[in-house]
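K.L.:
If it helps, the file is called entry13.txt and holds compact mmCIF, C-alpha atoms:
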# COMPACT_ATOMS: atom_id res chain seq x y z
CA MET A 105 66.48 183.04 87.00
CA THR A 106 69.16 180.33 86.69
CA GLU A 107 71.88 180.49 89.33
CA ALA A 108 75.54 180.36 88.32
CA PRO A 109 76.86 176.79 88.50
CA GLY A 110 79.78 177.87 90.72
CA VAL A 111 77.58 179.15 93.56
CA PRO A 112 77.98 176.82 96.57
CA ASP A 113 74.93 174.89 97.73
CA GLU A 114 75.01 176.61 101.12
CA VAL A 115 74.66 180.02 99.45
CA LEU A 116 71.68 178.79 97.45
CA VAL A 117 70.09 177.45 100.64
CA ALA A 118 70.58 180.86 102.29
CA LYS A 119 68.97 182.54 99.28
CA VAL A 120 65.92 180.30 99.51
CA LEU A 121 65.61 181.03 103.24
CA ASP A 122 65.92 184.75 102.47
CA GLY A 123 62.88 184.55 100.21
CA GLU A 124 64.26 183.54 96.78
CA PRO A 125 62.51 180.23 96.11
CA ALA A 126 63.85 180.17 92.53
CA ALA A 127 67.30 179.31 93.93
CA PHE A 128 65.80 175.99 95.00
CA GLY A 129 65.43 175.13 91.32
CA GLU A 130 69.21 175.13 90.91
CA LEU A 131 69.60 172.91 93.99
CA ILE A 132 67.13 170.46 92.45
CA ARG A 133 68.91 170.45 89.09
CA ARG A 134 72.24 169.77 90.82
CA HIS A 135 71.07 166.89 92.97
CA GLN A 136 67.99 165.32 91.37
CA ARG A 137 70.08 162.54 89.84
CA ARG A 138 70.80 161.03 93.26
CA VAL A 139 67.21 161.24 94.37
CA LEU A 140 65.92 159.79 91.10
CA ARG A 141 68.40 156.93 91.31
CA ILE A 142 67.23 156.02 94.80
CA GLY A 143 63.67 156.23 93.47
CA TYR A 144 64.51 153.89 90.55
CA GLY A 145 66.16 151.50 92.98
CA PHE A 146 63.28 151.21 95.40
CA PHE A 147 60.28 151.64 93.10
CA ARG A 148 61.69 150.21 89.83
CA ASN A 149 59.45 152.38 87.72
CA ALA A 150 60.44 155.65 86.04
CA GLU A 151 57.12 157.38 86.73
CA ASP A 152 57.08 156.41 90.41
CA ALA A 153 60.73 157.48 90.69
CA ALA A 154 59.88 160.93 89.29
CA ASP A 155 56.92 161.30 91.69
CA PHE A 156 59.16 160.15 94.53
CA ALA A 157 61.83 162.70 93.57
CA GLN A 158 59.22 165.45 93.50
CA ASP A 159 57.97 164.49 96.99
CA VAL A 160 61.51 164.36 98.35
CA MET A 161 62.33 167.80 96.95
CA ILE A 162 59.17 169.23 98.55
CA LYS A 163 60.10 167.60 101.86
CA ALA A 164 63.58 169.09 101.59
CA TYR A 165 62.14 172.53 100.77
CA THR A 166 59.82 172.59 103.77
CA ALA A 167 62.59 171.30 106.06
CA LEU A 168 65.28 173.56 104.59
CA ALA A 169 65.62 175.66 107.74
CA SER A 170 66.82 172.56 109.58
CA PHE A 171 69.82 172.25 107.24
CA ARG A 172 72.70 173.56 109.35
CA GLY A 173 75.57 172.88 106.98
CA ALA A 174 77.19 170.31 109.28
CA ALA A 175 76.95 167.80 106.41
CA LYS A 176 77.06 168.59 102.70
CA PHE A 177 73.70 169.58 101.23
CA SER A 178 73.88 166.58 98.89
CA THR A 179 74.34 164.23 101.88
CA TRP A 180 71.48 165.88 103.76
CA LEU A 181 69.20 165.56 100.73
CA THR A 182 70.25 161.97 99.99
CA ARG A 183 69.48 161.07 103.56
CA ILE A 184 65.99 162.54 103.30
CA ALA A 185 65.51 160.56 100.08
CA TYR A 186 66.83 157.32 101.60
CA ASN A 187 64.66 157.62 104.72
CA ALA A 188 61.60 158.49 102.63
CA ALA A 189 62.21 155.54 100.31
CA ILE A 190 62.71 153.13 103.20
CA ASN A 191 59.45 154.34 104.77
CA GLU A 192 57.46 154.20 101.53
CA ALA A 193 58.84 150.86 100.38
CA ARG A 194 58.55 149.34 103.86
CA ARG A 195 56.43 146.44 102.70
CA LYS A 196 58.81 145.43 99.92
CA PRO A 197 62.13 147.22 100.32
CA ARG A 198 63.98 145.44 97.51
CA TYR A 199 66.59 147.66 95.88
CA ASP A 200 67.28 147.04 92.21
CA PRO A 201 67.96 150.16 90.14
CA LEU A 202 69.17 148.21 87.11
CA GLU A 203 65.70 147.01 86.17
CA VAL A 204 64.78 150.51 85.10
CA ASP A 205 68.20 151.85 84.17
CA PRO A 206 67.22 154.80 81.98
CA VAL A 207 70.50 155.03 80.03
CA ASP A 208 70.08 154.38 76.33
CA THR A 209 73.15 152.27 75.54
CA ARG A 210 72.50 152.50 71.80
CA GLU A 211 74.33 155.83 71.92
CA LEU A 212 77.55 154.03 72.86
CA ASP A 213 79.96 152.34 70.46
CA PRO A 214 79.92 148.53 70.65
CA GLU A 215 83.02 148.26 72.85
CA ASP A 216 81.79 150.85 75.35
CA ARG A 217 78.36 149.25 75.35
CA HIS A 218 79.94 145.87 76.09
CA ILE A 219 82.02 147.32 78.95
CA ARG A 220 78.98 149.06 80.41
CA GLU A 221 76.86 145.93 80.20
CA GLU A 222 79.59 143.81 81.82
CA THR A 223 79.93 146.40 84.59
CA ALA A 224 76.18 146.52 85.19
CA ALA A 225 75.96 142.70 85.17
CA ALA A 226 78.85 142.36 87.63
CA LEU A 227 77.37 144.92 89.99
CA ARG A 228 73.94 143.35 89.72
CA LYS A 229 75.48 139.99 90.66
CA ALA A 230 77.30 141.62 93.58
CA MET A 231 74.06 143.23 94.75
CA GLU A 232 72.17 139.96 94.51
CA GLU A 233 74.74 138.24 96.71
CA LEU A 234 74.27 140.83 99.48
CA PRO A 235 71.57 141.03 102.12
CA GLN A 236 69.00 143.26 100.34
CA LYS A 237 69.35 146.22 102.64
CA TYR A 238 73.01 146.71 101.64
CA ALA A 239 72.41 146.74 97.87
CA VAL A 240 71.79 150.49 97.97
CA CYS A 241 75.34 150.98 99.33
CA LEU A 242 76.86 149.49 96.18
CA ASP A 243 74.75 151.72 93.99
CA MET A 244 75.68 154.78 96.04
CA TYR A 245 79.37 153.90 95.69
CA PHE A 246 79.59 152.72 92.09
CA TYR A 247 76.84 154.70 90.38
CA LEU A 248 76.57 157.88 92.44
CA GLY A 249 80.27 158.00 93.30
CA MET A 250 79.63 158.62 96.99
CA LYS A 251 82.43 158.14 99.53
CA TYR A 252 82.30 155.48 102.27
CA GLY A 253 81.74 158.09 104.99
CA GLU A 254 78.92 159.75 103.09
CA ILE A 255 77.18 156.42 102.47
CA SER A 256 77.48 155.59 106.14
CA GLU A 257 76.09 159.00 107.11
CA THR A 258 73.17 158.53 104.74
CA THR A 259 72.23 154.94 105.50
CA GLY A 260 73.44 154.55 109.08
CA PHE A 261 75.43 151.40 108.16
CA PRO A 262 78.95 151.13 109.63
CA VAL A 263 81.78 152.25 107.32
CA ASN A 264 83.59 148.91 107.65
CA THR A 265 80.49 146.96 106.60
CA ILE A 266 80.14 149.17 103.54
CA LYS A 267 83.85 148.80 102.74
CA SER A 268 83.72 145.03 102.85
CA HIS A 269 80.65 144.85 100.58
CA VAL A 270 82.23 147.29 98.13
CA PHE A 271 85.48 145.30 98.20
CA ARG A 272 83.66 142.10 97.22
CA ALA A 273 81.84 143.96 94.46
CA LYS A 274 85.15 145.31 93.13
CA ARG A 275 86.51 141.76 92.94
CA GLU A 276 83.38 140.75 91.02
CA LEU A 277 83.88 143.70 88.71
CA ARG A 278 87.53 142.86 88.18
CA ARG A 279 86.62 139.29 87.22
CA ALA A 280 83.91 140.51 84.84
CA LEU A 281 86.09 143.05 83.08
CA GLY A 282 88.93 140.55 82.71
CA ALA A 283 92.47 141.40 81.67
CA PRO A 284 92.76 144.11 79.03
CA GLU A 285 95.26 143.73 76.21
CA VAL A 286 98.56 145.42 76.96
CA ASP A 287 100.75 146.82 74.21
CA GLY A 288 104.45 145.96 74.15
CA MET B 157 105.07 143.93 94.80
CA LYS B 158 103.21 141.12 93.05
CA CYS B 159 100.27 142.06 90.85
CA GLU B 160 97.88 139.97 93.03
CA VAL B 161 98.93 141.94 96.11
CA PHE B 162 98.49 145.20 94.22
CA GLU B 163 94.99 144.23 93.07
CA GLU B 164 93.95 143.24 96.58
CA ARG B 165 95.25 146.50 98.10
CA TYR B 166 93.96 148.62 95.25
CA ASP B 167 90.49 147.17 95.66
CA ARG B 168 90.57 147.99 99.36
CA ALA B 169 91.34 151.66 98.65
CA GLU B 170 88.54 154.12 98.09
CA GLU B 171 87.81 155.02 94.46
CA GLY B 172 89.65 158.22 93.57
CA ALA B 173 91.61 158.34 96.85
CA LYS B 174 95.36 159.05 96.77
CA LEU B 175 97.31 155.80 96.47
CA SER B 176 100.02 154.82 98.94
CA PRO B 177 103.60 155.24 97.54
CA SER B 178 104.06 151.47 97.13
CA LEU B 179 100.81 151.11 95.15
CA ALA B 180 101.62 154.18 93.05
CA LEU B 181 105.07 152.80 92.30
CA HIS B 182 103.70 149.42 91.21
CA LEU B 183 101.09 151.15 89.06
CA ALA B 184 103.76 153.23 87.36
CA ARG B 185 105.93 150.18 86.63
CA CYS B 186 103.35 147.52 85.72
CA PRO B 187 101.58 148.05 82.38
CA ARG B 188 99.19 145.16 83.08
CA CYS B 189 97.91 146.65 86.34
CA ALA B 190 97.86 150.14 84.84
CA ALA B 191 95.67 148.84 82.01
CA ARG B 192 93.33 147.12 84.48
CA VAL B 193 93.01 150.28 86.57
CA GLU B 194 92.33 152.33 83.44
CA LEU B 195 89.73 149.82 82.27
CA ARG B 196 87.91 150.04 85.58
CA ARG B 197 87.99 153.83 85.51
CA ARG B 198 86.51 153.76 82.02
CA ALA B 199 83.92 151.12 83.00
CA LEU B 200 82.70 153.20 85.94
CA GLU B 201 82.65 156.34 83.83
CA LEU B 202 80.42 154.55 81.32
CA TYR B 203 78.32 153.02 84.08
CA ARG B 204 77.75 156.45 85.66
CA ARG B 205 76.82 158.10 82.38
CA PRO B 206 73.54 159.89 83.09
CA GLY B 207 70.47 159.05 81.08
CA PRO B 208 67.59 161.37 80.23
CA GLU B 209 65.98 162.74 83.38
CA PRO B 210 62.53 164.20 83.99
CA ASP B 211 62.39 167.93 84.75
CA ILE B 212 61.79 167.72 88.49
CA ALA B 213 62.80 171.36 89.05
CA SER B 214 59.93 172.79 86.98
CA ARG B 215 57.43 170.47 88.65
CA VAL B 216 58.56 171.46 92.14
CA LEU B 217 58.97 175.18 91.42
CA ALA B 218 55.37 175.26 90.18
CA LEU B 219 54.23 173.91 93.56
CA LEU B 220 56.34 176.19 95.79
CA PRO B 221 53.82 179.10 95.90
CA PHE B 222 51.35 176.71 97.54
CA LEU B 223 53.78 175.54 100.22
CA PRO B 224 54.66 177.25 103.50
CA ARG B 225 57.88 179.23 103.08
CA PRO B 226 60.84 177.75 104.94
CA ARG B 227 61.95 180.16 107.64
CA ARG B 228 65.24 180.42 109.44
CA SER B 229 65.01 178.81 112.86
CA VAL B 230 67.18 178.98 115.96
CA SER B 231 69.38 175.93 116.42
CA LEU B 232 68.89 173.64 119.40
CA ARG B 233 72.35 174.66 120.64
CA ASP B 234 71.33 178.33 120.69
CA TRP B 235 68.12 177.44 122.49
CA ILE B 236 70.05 175.60 125.19
CA LEU B 237 72.59 178.44 125.55
CA THR B 238 69.78 180.99 125.92
CA GLY B 239 68.06 178.76 128.48
CA LEU B 240 71.29 178.44 130.45
CA VAL B 241 71.84 182.21 130.44
CA LEU B 242 68.27 182.74 131.62
CA ALA B 243 68.56 180.09 134.34
CA SER B 244 71.90 181.36 135.57
CA SER B 245 70.61 184.95 135.69
CA VAL B 246 67.66 183.83 137.83
CA VAL B 247 70.15 182.25 140.23
CA LEU B 248 72.92 184.87 140.06
CA VAL B 249 70.99 188.16 140.09
CA PRO B 250 69.75 187.74 143.71
CA ALA B 251 73.35 187.00 144.71
CA GLN B 252 74.58 190.35 143.37
CA LYS B 253 75.46 193.19 145.74
CA VAL B 254 73.27 195.59 143.78
CA PHE B 255 70.29 193.31 144.42
CA SER B 256 70.84 193.58 148.20
CA LEU B 257 71.08 197.40 147.84
CA VAL B 258 67.76 197.46 145.95
CA ILE B 259 66.12 195.32 148.65
CA THR B 260 67.54 197.61 151.36
CA GLU B 261 66.32 200.70 149.51
CA TYR B 262 62.85 199.53 148.42
CA GLY B 263 62.15 196.63 150.77
CA ASN B 264 60.71 193.20 149.96
CA ARG B 265 57.89 194.74 147.90
CA TRP B 266 60.40 194.84 145.02
CA MET B 267 60.53 191.05 145.02
CA LEU B 268 57.10 190.75 143.37
CA PRO B 269 57.99 192.55 140.11
CA PHE B 270 61.32 190.68 140.09
CA VAL B 271 59.61 187.32 140.31
CA LEU B 272 56.99 188.39 137.75
CA VAL B 273 59.59 189.53 135.21
CA PHE B 274 61.67 186.37 135.50
CA GLY B 275 58.57 184.19 135.59
CA LEU B 276 57.36 185.83 132.39
CA ALA B 277 60.77 185.41 130.73
CA VAL B 278 60.92 181.71 131.63
CA SER B 279 57.32 181.19 130.43
CA VAL B 280 57.98 182.93 127.10
CA PHE B 281 61.17 180.92 126.62
CA GLY B 282 59.39 177.65 127.40
CA ALA B 283 56.42 178.45 125.15
CA LEU B 284 58.65 179.44 122.24
CA PHE B 285 60.82 176.35 122.68
CA ILE B 286 57.82 174.02 122.69
CA GLY B 287 56.19 175.87 119.79
CA THR B 288 59.26 175.66 117.59
CA HIS B 289 60.09 172.03 118.44
CA MET B 290 56.66 170.43 118.15
CA ASP B 291 57.87 167.81 115.67
CA GLU B 292 60.81 166.68 117.78
CA LEU B 293 58.82 166.67 121.02
CA SER B 294 55.89 164.72 119.54
CA GLY B 295 58.46 162.24 118.16
CA LEU B 296 59.87 161.79 121.66
CA VAL B 297 56.41 161.04 123.03
CA GLY B 298 55.48 158.26 120.63
CA ARG B 299 55.79 158.77 116.88
CA PRO B 300 58.81 156.90 115.39
CA ARG B 301 61.42 159.39 114.28
CA THR B 302 63.41 159.37 111.08
CA ARG B 303 67.03 160.40 111.37
CA THR B 304 67.97 163.71 109.83
CA VAL B 305 71.36 165.19 109.14
CA ARG B 306 71.82 168.69 110.47
Would you put the structure from the file into structure tokens?

P.N.:
Amino acid sequence: MTEAPGVPDEVLVAKVLDGEPAAFGELIRRHQRRVLRIGYGFFRNAEDAADFAQDVMIKAYTALASFRGAAKFSTWLTRIAYNAAINEARRKPRYDPLEVDPVDTRELDPEDRHIREETAAALRKAMEELPQKYAVCLDMYFYLGMKYGEISETTGFPVNTIKSHVFRAKRELRRALGAPEVDG
Amino acid sequence: MKCEVFEERYDRAEEGAKLSPSLALHLARCPRCAARVELRRRALELYRRPGPEPDIASRVLALLPFLPRPRRSVSLRDWILTGLVLASSVVLVPAQKVFSLVITEYGNRWMLPFVLVFGLAVSVFGALFIGTHMDELSGLVGRPRTRTVR
């Protein structure tokens, strides 16, 4: 059974713990994008990213009773994914999600495609200029739309460090996008 | 406010956060900055556009029957509170007047069941605590721990 989209994550977690494992399906559908993105970033291969996402979801399911609701479920899950990825990619923890960006830009009109490509190129450049371990912070901010505090909670990096890296990336993005034409 | 100052301050603000009055005022008055802000919003919207995703939910749901069911557990805080109540009762009960009356009435022979009952309670508490925190305790002994959000 598919759960209503408006049901809070915490309620779905309680349902799973009360013996309704199907509610976990809705939690996966809501949050798999984040986990897949982290998988793309660390493993740079769509198949490995899907396997990674499956493993993370199973880890989250078996550890679900330890979710106390102090953080958002999405933060808790992202943290499990980040820690798992760091452990699995320990030998070569390079983060580069853009190599396997699964978006088909042919669906976009030429202008939108150009803007998207400029954005991706600017963020790639910003990521390359960072110490590798911080690249994931830019992706969490710009692609996943996570807040500074949530990124810090997930990665353990200080908020101010994240802010300064994001600030530099924004400047890069501003340069790449240039000045739009203004009417009047 | 100059446009350069606005850009610098705007870039320092969190995406989607409420702007300070001075930034909001500049944004309302300056078509150039407004256009830049709008372009960035559009760029990020395009950048975040989701692509096709594999159906992870079906894959995981098919495996759930073979996994141990997650069960509600007692939080560490509740464990500590229970332990404190137990410890304080061991200390406080003998200090109660009723305890002295029982000793006067039945003599020191009553001490043995008292000690046995509290000993049993402490042992059960300890065994349950260790049994339900094996992962954390083994991590403390040697295995490197990963951080988890609770």

K.L.:
Using only C-alpha atoms and a distance of at most 6 Å, pull out the residues of chain B that contact chain A, as an MDAnalysis selection string.

P.N.:
chainID B and resid 167:168 199 202:204 207 213 226:228 305:306

K.L.:
Please produce a file of those selected residues containing C-alpha atoms, as a short mmCIF file (atom, residue, chain, number, x, y, z; two decimals), in the coordinates of the input.

P.N.:
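Wrote result_32.cif, looks like this:
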data_model
loop_
_atom_site.label_atom_id
_atom_site.label_comp_id
_atom_site.auth_asym_id
_atom_site.auth_seq_id
_atom_site.Cartn_x
_atom_site.Cartn_y
_atom_site.Cartn_z
CA ASP B 167 90.49 147.17 95.66
CA ARG B 168 90.57 147.99 99.36
CA ALA B 199 83.92 151.12 83.00
CA LEU B 202 80.42 154.55 81.32
CA TYR B 203 78.32 153.02 84.08
CA ARG B 204 77.75 156.45 85.66
CA GLY B 207 70.47 159.05 81.08
CA ALA B 213 62.80 171.36 89.05
CA PRO B 226 60.84 177.75 104.94
CA ARG B 227 61.95 180.16 107.64
CA ARG B 228 65.24 180.42 109.44
CA VAL B 305 71.36 165.19 109.14
CA ARG B 306 71.82 168.69 110.47
#

K.L.:
One decimal, in Å: what's the spacing between CA of Ile255 (chain A) and CA of Ala239 (chain A)?

P.N.:
11.7 Å

K.L.:
Can you pull out every residue within 9 Å of Gly239 (chain B), counting all atoms listed in the file, but drop anything in the same chain fewer than 3 positions away, and send it as number ranges by chain?

P.N.:
B: 234-236, 242-244, 278, 281-282

K.L.:
Rounded to one decimal, what separation in Å do you get between CA of Ala189 (chain A) and CA of Val117 (chain A)?

P.N.:
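According to the coordinates, CA of Ala189 (chain A) and CA of Val117 (chain A) are separated by 23.3 Å.
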
K.L.:
Grab the CA of Arg228 (chain A) to CA of Ala173 (chain B) distance for me, in Å with one decimal place.

P.N.:
24.2 Å

K.L.:
If we count all atoms listed in the file and set the cut-off at 7 Å, which residues sit around region 179-189 of chain B, ignoring sequence neighbours fewer than 2 positions away in its own chain? Please answer as an mmCIF file with C-alpha atoms, keeping the file's coordinate frame.

P.N.:
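And here is the file that came out, part29.cif:
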data_model
loop_
_atom_site.group_PDB
_atom_site.id
_atom_site.type_symbol
_atom_site.label_atom_id
_atom_site.label_comp_id
_atom_site.auth_asym_id
_atom_site.auth_seq_id
_atom_site.Cartn_x
_atom_site.Cartn_y
_atom_site.Cartn_z
ATOM 1 C CA VAL A 286 98.560 145.420 76.960
ATOM 2 C CA MET B 157 105.070 143.930 94.800
ATOM 3 C CA CYS B 159 100.270 142.060 90.850
ATOM 4 C CA PHE B 162 98.490 145.200 94.220
ATOM 5 C CA LEU B 175 97.310 155.800 96.470
ATOM 6 C CA SER B 176 100.020 154.820 98.940
ATOM 7 C CA PRO B 177 103.600 155.240 97.540
ATOM 8 C CA ALA B 191 95.670 148.840 82.010
ATOM 9 C CA ARG B 192 93.330 147.120 84.480
ATOM 10 C CA VAL B 193 93.010 150.280 86.570
#

K.L.:
Give the answer as one residue: which of A:Glu215, A:Val263, A:His135, A:His269 has the shortest atom-to-atom distance to Pro235 (chain A), using all atoms listed in the file?

P.N.:
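Closest to Pro235 (chain A) of all the choices is A:His269.
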
K.L.:
Considering all atoms listed in the file, can you say which of A:Glu233, A:Gly145, A:Ala225, A:Phe261 comes closest to Ala280 (chain A)?

P.N.:
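Smallest separation from Ala280 (chain A) among the options: A:Ala225.
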
K.L.:
Each side padded by 4 Å, which centre and which edge lengths in Å (one decimal) define the axis-aligned box around the listed atoms of region 251-260 of chain B? Give them as AutoDock Vina command-line options.

P.N.:
--center_x 70.8 --center_y 192.3 --center_z 147.4 --size_x 17.3 --size_y 18.6 --size_z 16.0
